[in-house]
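A.B. asks: One file: entry.pdb (PDB, C-alpha atoms and all ligand atoms).
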MODEL        1
ATOM      1  CA  MET A   1     -18.882   2.843  -0.995  1.00  0.00           C
ATOM      2  CA  LEU A   2     -15.249   3.066  -2.112  1.00  0.00           C
ATOM      3  CA  SER A   3     -14.109   0.323  -4.485  1.00  0.00           C
ATOM      4  CA  LEU A   4     -10.561  -0.786  -3.752  1.00  0.00           C
ATOM      5  CA  ALA A   5      -7.898  -2.838  -5.454  1.00  0.00           C
ATOM      6  CA  VAL A   6      -5.047  -4.005  -3.215  1.00  0.00           C
ATOM      7  CA  PHE A   7      -1.609  -4.987  -4.549  1.00  0.00           C
ATOM      8  CA  VAL A   8       0.373  -7.474  -2.465  1.00  0.00           C
ATOM      9  CA  SER A   9       3.543  -9.555  -2.620  1.00  0.00           C
ATOM     10  CA  GLY A  10       3.641 -11.600   0.541  1.00  0.00           C
ATOM     11  CA  ARG A  11       2.369 -11.911   4.070  1.00  0.00           C
ATOM     12  CA  GLY A  12      -0.658  -9.673   3.607  1.00  0.00           C
ATOM     13  CA  SER A  13      -0.994  -8.328   7.146  1.00  0.00           C
ATOM     14  CA  ASN A  14      -1.869  -4.874   5.791  1.00  0.00           C
ATOM     15  CA  LEU A  15      -4.487  -6.460   3.511  1.00  0.00           C
ATOM     16  CA  ASP A  16      -5.884  -8.103   6.648  1.00  0.00           C
ATOM     17  CA  ALA A  17      -5.935  -4.772   8.480  1.00  0.00           C
ATOM     18  CA  ILE A  18      -7.900  -3.212   5.588  1.00  0.00           C
ATOM     19  CA  LEU A  19     -10.353  -6.126   5.425  1.00  0.00           C
ATOM     20  CA  ASN A  20     -10.849  -6.008   9.210  1.00  0.00           C
ATOM     21  CA  SER A  21     -11.584  -2.289   9.155  1.00  0.00           C
ATOM     22  CA  ILE A  22     -14.161  -2.858   6.413  1.00  0.00           C
ATOM     23  CA  GLU A  23     -15.655  -5.811   8.282  1.00  0.00           C
ATOM     24  CA  ASN A  24     -15.895  -3.749  11.479  1.00  0.00           C
ATOM     25  CA  GLY A  25     -17.669  -0.938   9.662  1.00  0.00           C
ATOM     26  CA  VAL A  26     -14.805   1.524  10.176  1.00  0.00           C
ATOM     27  CA  ILE A  27     -14.249   1.982   6.431  1.00  0.00           C
ATOM     28  CA  ASN A  28     -17.100   2.141   3.949  1.00  0.00           C
ATOM     29  CA  ALA A  29     -15.320   0.256   1.173  1.00  0.00           C
ATOM     30  CA  GLU A  30     -15.022  -3.043  -0.609  1.00  0.00           C
ATOM     31  CA  VAL A  31     -11.879  -4.824  -1.802  1.00  0.00           C
ATOM     32  CA  LYS A  32     -12.911  -5.728  -5.327  1.00  0.00           C
ATOM     33  CA  ALA A  33      -9.581  -7.052  -6.580  1.00  0.00           C
ATOM     34  CA  VAL A  34      -6.247  -8.278  -5.286  1.00  0.00           C
ATOM     35  CA  VAL A  35      -3.191  -8.117  -7.543  1.00  0.00           C
ATOM     36  CA  SER A  36       0.109  -9.867  -6.889  1.00  0.00           C
ATOM     37  CA  ASN A  37       3.444 -10.598  -8.518  1.00  0.00           C
ATOM     38  CA  LYS A  38       3.689 -13.776  -6.404  1.00  0.00           C
ATOM     39  CA  LEU A  39       1.559 -16.734  -7.436  1.00  0.00           C
ATOM     40  CA  ASN A  40       1.735 -18.274  -3.996  1.00  0.00           C
ATOM     41  CA  CYS A  41       1.692 -16.076  -0.951  1.00  0.00           C
ATOM     42  CA  PRO A  42      -0.500 -15.719   2.157  1.00  0.00           C
ATOM     43  CA  ALA A  43      -2.101 -12.555   0.788  1.00  0.00           C
ATOM     44  CA  ILE A  44      -3.313 -14.407  -2.324  1.00  0.00           C
ATOM     45  CA  ASP A  45      -4.553 -17.287  -0.148  1.00  0.00           C
ATOM     46  CA  LYS A  46      -6.617 -14.715   1.717  1.00  0.00           C
ATOM     47  CA  ALA A  47      -8.143 -13.399  -1.519  1.00  0.00           C
ATOM     48  CA  LYS A  48      -8.964 -16.962  -2.594  1.00  0.00           C
ATOM     49  CA  ASP A  49     -10.562 -17.717   0.799  1.00  0.00           C
ATOM     50  CA  LEU A  50     -12.740 -14.634   0.560  1.00  0.00           C
ATOM     51  CA  ASP A  51     -13.600 -15.097  -3.127  1.00  0.00           C
ATOM     52  CA  ILE A  52     -12.073 -11.756  -4.043  1.00  0.00           C
ATOM     53  CA  PRO A  53     -11.097 -11.659  -7.743  1.00  0.00           C
ATOM     54  CA  TYR A  54      -7.295 -11.804  -8.065  1.00  0.00           C
ATOM     55  CA  PHE A  55      -4.788 -11.216 -10.839  1.00  0.00           C
ATOM     56  CA  PHE A  56      -1.078 -11.831 -11.321  1.00  0.00           C
ATOM     57  CA  VAL A  57       1.218  -9.326 -12.995  1.00  0.00           C
ATOM     58  CA  SER A  58       4.075 -11.869 -13.117  1.00  0.00           C
ATOM     59  CA  GLY A  59       4.095 -15.513 -14.208  1.00  0.00           C
ATOM     60  CA  THR A  60       2.891 -15.364 -17.790  1.00  0.00           C
ATOM     61  CA  ASP A  61       1.885 -19.057 -17.766  1.00  0.00           C
ATOM     62  CA  SER A  62      -0.779 -18.532 -15.093  1.00  0.00           C
ATOM     63  CA  ASP A  63      -4.366 -18.218 -16.318  1.00  0.00           C
ATOM     64  CA  LYS A  64      -4.682 -15.261 -13.941  1.00  0.00           C
ATOM     65  CA  PHE A  65      -1.767 -13.398 -15.574  1.00  0.00           C
ATOM     66  CA  ILE A  66      -2.705  -9.962 -16.802  1.00  0.00           C
ATOM     67  CA  GLU A  67      -0.844  -7.116 -18.517  1.00  0.00           C
ATOM     68  CA  TYR A  68      -1.076  -3.695 -16.903  1.00  0.00           C
ATOM     69  CA  ASN A  69      -3.048  -2.241 -19.817  1.00  0.00           C
ATOM     70  CA  GLU A  70      -5.598  -5.057 -19.482  1.00  0.00           C
ATOM     71  CA  LEU A  71      -5.713  -4.457 -15.745  1.00  0.00           C
ATOM     72  CA  ILE A  72      -6.922  -0.914 -16.455  1.00  0.00           C
ATOM     73  CA  ASP A  73      -9.834  -2.429 -18.421  1.00  0.00           C
ATOM     74  CA  GLU A  74     -10.662  -4.828 -15.574  1.00  0.00           C
ATOM     75  CA  PHE A  75     -10.448  -2.050 -12.996  1.00  0.00           C
ATOM     76  CA  THR A  76     -12.689   0.138 -15.125  1.00  0.00           C
ATOM     77  CA  LYS A  77     -15.288  -2.646 -15.247  1.00  0.00           C
ATOM     78  CA  LEU A  78     -14.994  -3.031 -11.465  1.00  0.00           C
ATOM     79  CA  ASN A  79     -15.174   0.752 -11.018  1.00  0.00           C
ATOM     80  CA  ILE A  80     -11.983   0.763  -8.910  1.00  0.00           C
ATOM     81  CA  GLN A  81     -11.586   4.158  -7.238  1.00  0.00           C
ATOM     82  CA  LEU A  82      -8.461   3.647  -5.139  1.00  0.00           C
ATOM     83  CA  ILE A  83      -5.486   1.316  -5.549  1.00  0.00           C
ATOM     84  CA  VAL A  84      -3.573   0.414  -2.406  1.00  0.00           C
ATOM     85  CA  LEU A  85      -0.063  -0.998  -2.542  1.00  0.00           C
ATOM     86  CA  ALA A  86       0.168  -3.029   0.664  1.00  0.00           C
ATOM     87  CA  GLY A  87       3.570  -4.674   0.595  1.00  0.00           C
ATOM     88  CA  PHE A  88       3.822  -4.795  -3.199  1.00  0.00           C
ATOM     89  CA  LEU A  89       7.459  -5.116  -4.213  1.00  0.00           C
ATOM     90  CA  LYS A  90       7.453  -4.635  -7.988  1.00  0.00           C
ATOM     91  CA  LYS A  91       7.777  -1.384  -9.866  1.00  0.00           C
ATOM     92  CA  ILE A  92       4.579  -0.369 -11.663  1.00  0.00           C
ATOM     93  CA  PRO A  93       4.832   1.018 -15.218  1.00  0.00           C
ATOM     94  CA  ALA A  94       4.456   4.775 -15.635  1.00  0.00           C
ATOM     95  CA  SER A  95       1.543   4.273 -18.073  1.00  0.00           C
ATOM     96  CA  PHE A  96      -0.436   2.705 -15.197  1.00  0.00           C
ATOM     97  CA  THR A  97       0.599   5.169 -12.464  1.00  0.00           C
ATOM     98  CA  ASP A  98      -0.103   8.098 -14.815  1.00  0.00           C
ATOM     99  CA  PHE A  99      -3.561   6.730 -15.625  1.00  0.00           C
ATOM    100  CA  TYR A 100      -4.362   6.475 -11.907  1.00  0.00           C
ATOM    101  CA  HIS A 101      -2.728   9.778 -10.932  1.00  0.00           C
ATOM    102  CA  ASN A 102      -3.443  10.485  -7.220  1.00  0.00           C
ATOM    103  CA  LYS A 103      -5.434   7.266  -7.002  1.00  0.00           C
ATOM    104  CA  ILE A 104      -2.613   4.914  -6.009  1.00  0.00           C
ATOM    105  CA  ILE A 105      -1.231   4.921  -2.475  1.00  0.00           C
ATOM    106  CA  ASN A 106       1.597   2.935  -0.935  1.00  0.00           C
ATOM    107  CA  ILE A 107       2.602   2.122   2.619  1.00  0.00           C
ATOM    108  CA  HIS A 108       6.312   2.341   3.338  1.00  0.00           C
ATOM    109  CA  PRO A 109       7.730   1.135   6.669  1.00  0.00           C
ATOM    110  CA  ALA A 110       9.898   4.208   7.393  1.00  0.00           C
ATOM    111  CA  LEU A 111       9.590   7.965   7.531  1.00  0.00           C
ATOM    112  CA  LEU A 112      10.114   9.085   3.938  1.00  0.00           C
ATOM    113  CA  PRO A 113      12.021  10.695   2.303  1.00  0.00           C
ATOM    114  CA  SER A 114      14.631   8.898   4.438  1.00  0.00           C
ATOM    115  CA  PHE A 115      15.134   5.168   3.994  1.00  0.00           C
ATOM    116  CA  GLY A 116      13.254   4.947   0.692  1.00  0.00           C
ATOM    117  CA  GLY A 117      14.072   4.236  -2.931  1.00  0.00           C
ATOM    118  CA  LYS A 118      15.311   1.241  -4.864  1.00  0.00           C
ATOM    119  CA  GLY A 119      16.240  -1.734  -2.694  1.00  0.00           C
ATOM    120  CA  MET A 120      14.666  -0.168   0.370  1.00  0.00           C
ATOM    121  CA  TYR A 121      11.981  -2.672   1.199  1.00  0.00           C
ATOM    122  CA  GLY A 122      11.282  -5.191   3.946  1.00  0.00           C
ATOM    123  CA  MET A 123      14.045  -5.766   6.440  1.00  0.00           C
ATOM    124  CA  ASN A 124      16.520  -3.730   4.342  1.00  0.00           C
ATOM    125  CA  VAL A 125      14.673  -0.633   5.541  1.00  0.00           C
ATOM    126  CA  HIS A 126      14.653  -1.583   9.206  1.00  0.00           C
ATOM    127  CA  LYS A 127      18.308  -2.659   9.089  1.00  0.00           C
ATOM    128  CA  ALA A 128      19.331   0.722   7.641  1.00  0.00           C
ATOM    129  CA  VAL A 129      17.269   2.508  10.307  1.00  0.00           C
ATOM    130  CA  PHE A 130      18.867   0.324  13.025  1.00  0.00           C
ATOM    131  CA  ASP A 131      22.435   0.714  11.717  1.00  0.00           C
ATOM    132  CA  ILE A 132      22.340   4.510  11.654  1.00  0.00           C
ATOM    133  CA  SER A 133      20.923   4.424  15.184  1.00  0.00           C
ATOM    134  CA  ALA A 134      17.814   6.404  14.234  1.00  0.00           C
ATOM    135  CA  GLN A 135      15.730   6.982  17.351  1.00  0.00           C
ATOM    136  CA  VAL A 136      12.438   7.461  15.515  1.00  0.00           C
ATOM    137  CA  SER A 137      10.925   5.527  12.626  1.00  0.00           C
ATOM    138  CA  GLY A 138       7.378   4.829  11.504  1.00  0.00           C
ATOM    139  CA  PRO A 139       5.143   4.229   8.526  1.00  0.00           C
ATOM    140  CA  THR A 140       4.505   6.619   5.659  1.00  0.00           C
ATOM    141  CA  VAL A 141       1.495   6.478   3.355  1.00  0.00           C
ATOM    142  CA  HIS A 142       2.143   8.323   0.108  1.00  0.00           C
ATOM    143  CA  PHE A 143       0.858   8.723  -3.417  1.00  0.00           C
ATOM    144  CA  VAL A 144       2.593   6.582  -5.999  1.00  0.00           C
ATOM    145  CA  ASN A 145       4.247   7.887  -9.112  1.00  0.00           C
ATOM    146  CA  SER A 146       6.641   6.091 -11.431  1.00  0.00           C
ATOM    147  CA  ASN A 147       9.666   6.539  -9.109  1.00  0.00           C
ATOM    148  CA  TYR A 148      10.075   4.415  -5.975  1.00  0.00           C
ATOM    149  CA  ASP A 149       8.798   6.130  -2.831  1.00  0.00           C
ATOM    150  CA  GLU A 150       8.750   9.598  -4.388  1.00  0.00           C
ATOM    151  CA  GLY A 151       5.072  10.582  -4.515  1.00  0.00           C
ATOM    152  CA  LYS A 152       3.628  13.187  -2.156  1.00  0.00           C
ATOM    153  CA  ILE A 153       3.329  12.122   1.470  1.00  0.00           C
ATOM    154  CA  ILE A 154      -0.220  11.730   2.787  1.00  0.00           C
ATOM    155  CA  ALA A 155       0.314  10.583   6.378  1.00  0.00           C
ATOM    156  CA  GLN A 156       3.101   9.511   8.713  1.00  0.00           C
ATOM    157  CA  LYS A 157       3.245   8.137  12.239  1.00  0.00           C
ATOM    158  CA  PRO A 158       6.441   8.639  14.228  1.00  0.00           C
ATOM    159  CA  VAL A 159       7.345   5.673  16.442  1.00  0.00           C
ATOM    160  CA  ASP A 160       9.882   5.781  19.277  1.00  0.00           C
ATOM    161  CA  ILE A 161      12.448   3.070  18.516  1.00  0.00           C
ATOM    162  CA  SER A 162      15.037   4.170  21.093  1.00  0.00           C
ATOM    163  CA  LYS A 163      14.682   0.884  22.980  1.00  0.00           C
ATOM    164  CA  ALA A 164      14.816  -1.387  19.902  1.00  0.00           C
ATOM    165  CA  GLU A 165      17.556  -4.013  20.108  1.00  0.00           C
ATOM    166  CA  SER A 166      17.354  -5.325  16.543  1.00  0.00           C
ATOM    167  CA  PRO A 167      15.936  -4.473  13.096  1.00  0.00           C
ATOM    168  CA  GLU A 168      13.224  -7.049  13.871  1.00  0.00           C
ATOM    169  CA  ASP A 169      12.191  -5.051  16.954  1.00  0.00           C
ATOM    170  CA  ILE A 170      11.826  -1.953  14.765  1.00  0.00           C
ATOM    171  CA  ALA A 171       9.835  -3.879  12.139  1.00  0.00           C
ATOM    172  CA  ALA A 172       7.379  -5.073  14.796  1.00  0.00           C
ATOM    173  CA  LEU A 173       6.948  -1.593  16.306  1.00  0.00           C
ATOM    174  CA  VAL A 174       6.392  -0.003  12.893  1.00  0.00           C
ATOM    175  CA  LEU A 175       4.085  -2.752  11.582  1.00  0.00           C
ATOM    176  CA  LYS A 176       1.717  -2.227  14.499  1.00  0.00           C
ATOM    177  CA  GLU A 177       1.317   1.402  13.412  1.00  0.00           C
ATOM    178  CA  GLU A 178       1.056   0.483   9.711  1.00  0.00           C
ATOM    179  CA  HIS A 179      -2.055  -1.501  10.532  1.00  0.00           C
ATOM    180  CA  LYS A 180      -3.655   1.666  11.916  1.00  0.00           C
ATOM    181  CA  LEU A 181      -2.300   4.281   9.507  1.00  0.00           C
ATOM    182  CA  LEU A 182      -3.245   2.573   6.234  1.00  0.00           C
ATOM    183  CA  PRO A 183      -6.915   1.963   7.174  1.00  0.00           C
ATOM    184  CA  PHE A 184      -7.057   5.526   8.521  1.00  0.00           C
ATOM    185  CA  VAL A 185      -5.948   6.971   5.173  1.00  0.00           C
ATOM    186  CA  ILE A 186      -8.342   4.725   3.214  1.00  0.00           C
ATOM    187  CA  LYS A 187     -11.190   5.802   5.474  1.00  0.00           C
ATOM    188  CA  LYS A 188     -10.356   9.455   4.797  1.00  0.00           C
ATOM    189  CA  PHE A 189     -10.276   8.701   1.073  1.00  0.00           C
ATOM    190  CA  ALA A 190     -13.682   7.081   1.280  1.00  0.00           C
ATOM    191  CA  GLU A 191     -14.945  10.219   3.007  1.00  0.00           C
ATOM    192  CA  ASN A 192     -13.368  12.509   0.385  1.00  0.00           C
ATOM    193  CA  LYS A 193     -11.277  14.103   3.109  1.00  0.00           C
ATOM    194  CA  ILE A 194      -7.916  13.899   1.386  1.00  0.00           C
ATOM    195  CA  LEU A 195      -7.296  17.211  -0.336  1.00  0.00           C
ATOM    196  CA  ILE A 196      -4.458  18.540  -2.443  1.00  0.00           C
ATOM    197  CA  LYS A 197      -3.777  22.254  -1.980  1.00  0.00           C
ATOM    198  CA  HIS A 198      -0.622  24.326  -2.454  1.00  0.00           C
ATOM    199  CA  ASN A 199       0.898  21.197  -4.007  1.00  0.00           C
ATOM    200  CA  ARG A 200       0.657  19.499  -0.585  1.00  0.00           C
ATOM    201  CA  VAL A 201      -1.692  16.902   0.845  1.00  0.00           C
ATOM    202  CA  TYR A 202      -4.133  17.774   3.621  1.00  0.00           C
ATOM    203  CA  ILE A 203      -6.379  15.431   5.593  1.00  0.00           C
ATOM    204  CA  GLU A 204      -9.578  17.018   6.869  1.00  0.00           C
ATOM    205  CA  ASP A 205     -10.845  16.111  10.343  1.00  0.00           C
TER     206      ASP A 205
HETATM  207  C1  LIG A 301       4.992  -3.710   5.203  1.00  0.00           C
HETATM  208  O1  LIG A 301       5.991  -3.470   6.161  1.00  0.00           O
HETATM  209  C2  LIG A 301       4.858  -2.527   4.277  1.00  0.00           C
HETATM  210  O2  LIG A 301       5.132  -1.313   4.877  1.00  0.00           O
HETATM  211  C3  LIG A 301       5.894  -2.807   3.226  1.00  0.00           C
HETATM  212  O3  LIG A 301       5.866  -4.203   3.067  1.00  0.00           O
HETATM  213  C4  LIG A 301       5.390  -4.823   4.267  1.00  0.00           C
HETATM  214  C5  LIG A 301       4.225  -5.673   3.869  1.00  0.00           C
HETATM  215  O4  LIG A 301       3.728  -6.439   4.930  1.00  0.00           O
HETATM  216  N1  LIG A 301       5.648  -2.032   2.036  1.00  0.00           N
HETATM  217  P1  LIG A 301       2.380  -7.239   4.753  1.00  0.00           P
HETATM  218  O5  LIG A 301       2.494  -8.103   3.504  1.00  0.00           O
HETATM  219  O6  LIG A 301       1.266  -6.239   4.631  1.00  0.00           O
HETATM  220  O7  LIG A 301       2.253  -8.064   5.988  1.00  0.00           O
ENDMDL
END
Now that the file is in, can you turn its structure into structure tokens?
Ligand code: GRF

C.D. replies:
Amino acid sequence: MLSLAVFVSGRGSNLDAILNSIENGVINAEVKAVVSNKLNCPAIDKAKDLDIPYFFVSGTDSDKFIEYNELIDEFTKLNIQLIVLAGFLKKIPASFTDFYHNKIINIHPALLPSFGGKGMYGMNVHKAVFDISAQVSGPTVHFVNSNYDEGKIIAQKPVDISKAESPEDIAALVLKEEHKLLPFVIKKFAENKILIKHNRVYIED
């Protein structure tokens, strides 16, 4: 069984999608920790409801505050094998991303390498996609390194947005696919079917 840690900053719909896929037996994994930079957000409420251990990397006065180097110790104790950034908005220090090289993945709500980088999160992404009149968008799951949205791409799902009338329309269309793509990639991880060859990422059937 794959031991997961999920990083969140808000709504937590991708965390829900992961938990549902585990619950339904689609992914053989367990979410052993939730980490957030927001002390109060729906995703943290979910962790509390389910008694999943949670940590905060912001808000030094909280008794759940933890430094990234201490988080490595906690994750080692919990035997965390994959870290999933599911709507996590803070930059992670290079010491942490280097330690977990090729073991941290992120979901981005556009087709990287377009519409990524600093400031490109949430509705900013969908607004930029809308304003340039892109006809296709969709989620990208990629490895995380110390630069925003720059790790190798693992999986993408193109979505036809030619009929979208607002950035919100695009967000809704893309989010629906995020909830499928992220669990799919985690499942493949759990099955050891994500391979790196020729400096590219391959997913085995
Ligand atoms: C998602 O659109 C994800 O792609 C982006 O942040 C959003 C998080 O949504 N990185 P949620 O918190 O999972 O509902």

A.B. asks: Expand the PyMOL selection byres (((not hetatm)) within 9 of (chain A and resi 301)) into the explicit residue set it covers here, and present it as a ChimeraX atom specification.

C.D. replies: /A:8-17,42-43,85-89,106-110,121-123,139-141,171-172,174-175,178-179

A.B. asks: Quick one: write out the picked residues with C-alpha atoms as a compact mmCIF listing (two decimals), keeping the file's coordinate frame?

C.D. replies:
# COMPACT_ATOMS: atom_id res chain seq x y z
CA VAL A 8 0.37 -7.47 -2.46
CA SER A 9 3.54 -9.56 -2.62
CA GLY A 10 3.64 -11.60 0.54
CA ARG A 11 2.37 -11.91 4.07
CA GLY A 12 -0.66 -9.67 3.61
CA SER A 13 -0.99 -8.33 7.15
CA ASN A 14 -1.87 -4.87 5.79
CA LEU A 15 -4.49 -6.46 3.51
CA ASP A 16 -5.88 -8.10 6.65
CA ALA A 17 -5.94 -4.77 8.48
CA PRO A 42 -0.50 -15.72 2.16
CA ALA A 43 -2.10 -12.56 0.79
CA LEU A 85 -0.06 -1.00 -2.54
CA ALA A 86 0.17 -3.03 0.66
CA GLY A 87 3.57 -4.67 0.60
CA PHE A 88 3.82 -4.80 -3.20
CA LEU A 89 7.46 -5.12 -4.21
CA ASN A 106 1.60 2.94 -0.94
CA ILE A 107 2.60 2.12 2.62
CA HIS A 108 6.31 2.34 3.34
CA PRO A 109 7.73 1.14 6.67
CA ALA A 110 9.90 4.21 7.39
CA TYR A 121 11.98 -2.67 1.20
CA GLY A 122 11.28 -5.19 3.95
CA MET A 123 14.04 -5.77 6.44
CA PRO A 139 5.14 4.23 8.53
CA THR A 140 4.50 6.62 5.66
CA VAL A 141 1.50 6.48 3.36
CA ALA A 171 9.84 -3.88 12.14
CA ALA A 172 7.38 -5.07 14.80
CA VAL A 174 6.39 0.00 12.89
CA LEU A 175 4.08 -2.75 11.58
CA GLU A 178 1.06 0.48 9.71
CA HIS A 179 -2.06 -1.50 10.53

A.B. asks: Which residues are close to stretch 68-83 of chain A, i.e. within 8 Å by all atoms listed in the file, leaving aside same-chain residues fewer than 5 positions away? Reply as JSON, numbers by chain.

C.D. replies: {"A": [2, 3, 4, 5, 6, 7, 32, 57, 93, 96, 103, 104, 105]}

A.B. asks: Please determine, counting all atoms listed in the file, which residue among A:Ile170, A:Val84, A:Leu39, A:Lys90 has the shortest atom-to-atom distance to A:Pro183.

C.D. replies: A:Val84

A.B. asks: Report as a list in words the full result of the PyMOL selection byres (((chain A and resi 202) around 12) and not hetatm) when it is applied to this structure.

C.D. replies: His142, Lys152, Ile153, Ile154, Ala155, Val185, Lys188, Phe189, Asn192, Lys193, Ile194, Leu195, Ile196, Lys197, His198, Asn199, Arg200, Val201, Ile203, Glu204 and Asp205 of chain A

A.B. asks: Would you export the selected residues with C-alpha atoms as a PDB file, keeping the file's coordinate frame, please?

C.D. replies:
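Done, and the output landed in part.pdb:
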ATOM      1  CA  HIS A 142       2.143   8.323   0.108  1.00  0.00           C
ATOM      2  CA  LYS A 152       3.628  13.187  -2.156  1.00  0.00           C
ATOM      3  CA  ILE A 153       3.329  12.122   1.470  1.00  0.00           C
ATOM      4  CA  ILE A 154      -0.220  11.730   2.787  1.00  0.00           C
ATOM      5  CA  ALA A 155       0.314  10.583   6.378  1.00  0.00           C
ATOM      6  CA  VAL A 185      -5.948   6.971   5.173  1.00  0.00           C
ATOM      7  CA  LYS A 188     -10.356   9.455   4.797  1.00  0.00           C
ATOM      8  CA  PHE A 189     -10.276   8.701   1.073  1.00  0.00           C
ATOM      9  CA  ASN A 192     -13.368  12.509   0.385  1.00  0.00           C
ATOM     10  CA  LYS A 193     -11.277  14.103   3.109  1.00  0.00           C
ATOM     11  CA  ILE A 194      -7.916  13.899   1.386  1.00  0.00           C
ATOM     12  CA  LEU A 195      -7.296  17.211  -0.336  1.00  0.00           C
ATOM     13  CA  ILE A 196      -4.458  18.540  -2.443  1.00  0.00           C
ATOM     14  CA  LYS A 197      -3.777  22.254  -1.980  1.00  0.00           C
ATOM     15  CA  HIS A 198      -0.622  24.326  -2.454  1.00  0.00           C
ATOM     16  CA  ASN A 199       0.898  21.197  -4.007  1.00  0.00           C
ATOM     17  CA  ARG A 200       0.657  19.499  -0.585  1.00  0.00           C
ATOM     18  CA  VAL A 201      -1.692  16.902   0.845  1.00  0.00           C
ATOM     19  CA  ILE A 203      -6.379  15.431   5.593  1.00  0.00           C
ATOM     20  CA  GLU A 204      -9.578  17.018   6.869  1.00  0.00           C
ATOM     21  CA  ASP A 205     -10.845  16.111  10.343  1.00  0.00           C
TER      22      ASP A 205
END

A.B. asks: Quick one: of A:Asp98, A:Asp149, A:Asp51, A:Asp160, who's nearest to A:Leu112, counting all atoms listed in the file?

C.D. replies: A:Asp149

A.B. asks: Pick out the closest residue to A:Ser162 from this set: A:Val35, A:Ile132, A:Ala190, A:Met120. Count all atoms listed in the file.

C.D. replies: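 Of A:Val35, A:Ile132, A:Ala190, A:Met120, the one nearest A:Ser162 is A:Ile132, counting all atoms listed in the file.
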
A.B. asks: What's the separation between atom CA of A:Phe99 and atom CA of A:Asp45, in Å to one decimal place?

C.D. replies: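 According to the coordinates, atom CA of A:Phe99 and atom CA of A:Asp45 are separated by 28.6 Å.
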
A.B. asks: Atom CA of A:Val144 to atom CA of A:Phe56: how many Å, to one decimal?

C.D. replies: 19.5 Å

A.B. asks: Excluding same-chain residues fewer than 6 positions from A:Ala47, what lies within 8 Å of it counting only C-alpha atoms, as a ChimeraX atom specification?

C.D. replies: /A:34,53-54

A.B. asks: Nearest to A:Ala128: which of A:Ser36, A:Phe115, A:Leu182, A:Ile52 is it, counting all atoms listed in the file?

C.D. replies: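 So, comparing all the options, the nearest one is A:Phe115.
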
A.B. asks: Give the answer as one residue: which of A:Glu165, A:Phe65, A:Ser137, A:Lys187 has the shortest atom-to-atom distance to A:Ile22, using only C-alpha atoms?

C.D. replies: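 Among the listed residues, A:Lys187 lies closest to A:Ile22.
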
A.B. asks: Suppose you want the space between atom CA of A:Lys157 and atom CA of A:Gly138; what is it in Å?

C.D. replies: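 Computing the Euclidean distance for atom CA of A:Lys157 and atom CA of A:Gly138 yields 5.3 Å.
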
A.B. asks: Using the file's own x, y and z axes, what box holds all listed atoms of stretch 103-107 of chain A with 6 Å on each side, keeping edges along x, y and z, and what are its centre and edge lengths in Å to one decimal, as lines of an AutoDock Vina configuration file?

C.D. replies:
center_x = -1.4
center_y = 4.7
center_z = -2.2
size_x = 20.0
size_y = 17.1
size_z = 21.6

A.B. asks: Residues near A:Tyr148, anyone? I mean within 9 Å using all atoms listed in the file, not counting same-chain ones fewer than 6 positions away, as number ranges by chain.

C.D. replies: A: 91, 116-118

A.B. asks: Of the candidates A:Lys38, A:His101, A:Lys176, A:Lys64, which shows the shortest atom-to-atom distance to A:Gly151, using all atoms listed in the file?

C.D. replies: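 Comparing A:Lys38, A:His101, A:Lys176, A:Lys64 against A:Gly151, the winner is A:His101.
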
A.B. asks: Please identify all polymer residues within 7 Å of A:Ser146, counting only C-alpha atoms, omitting same-chain residues fewer than 6 positions from it, and present them as a PyMOL selection string.

C.D. replies: chain A and resi 92-94+97
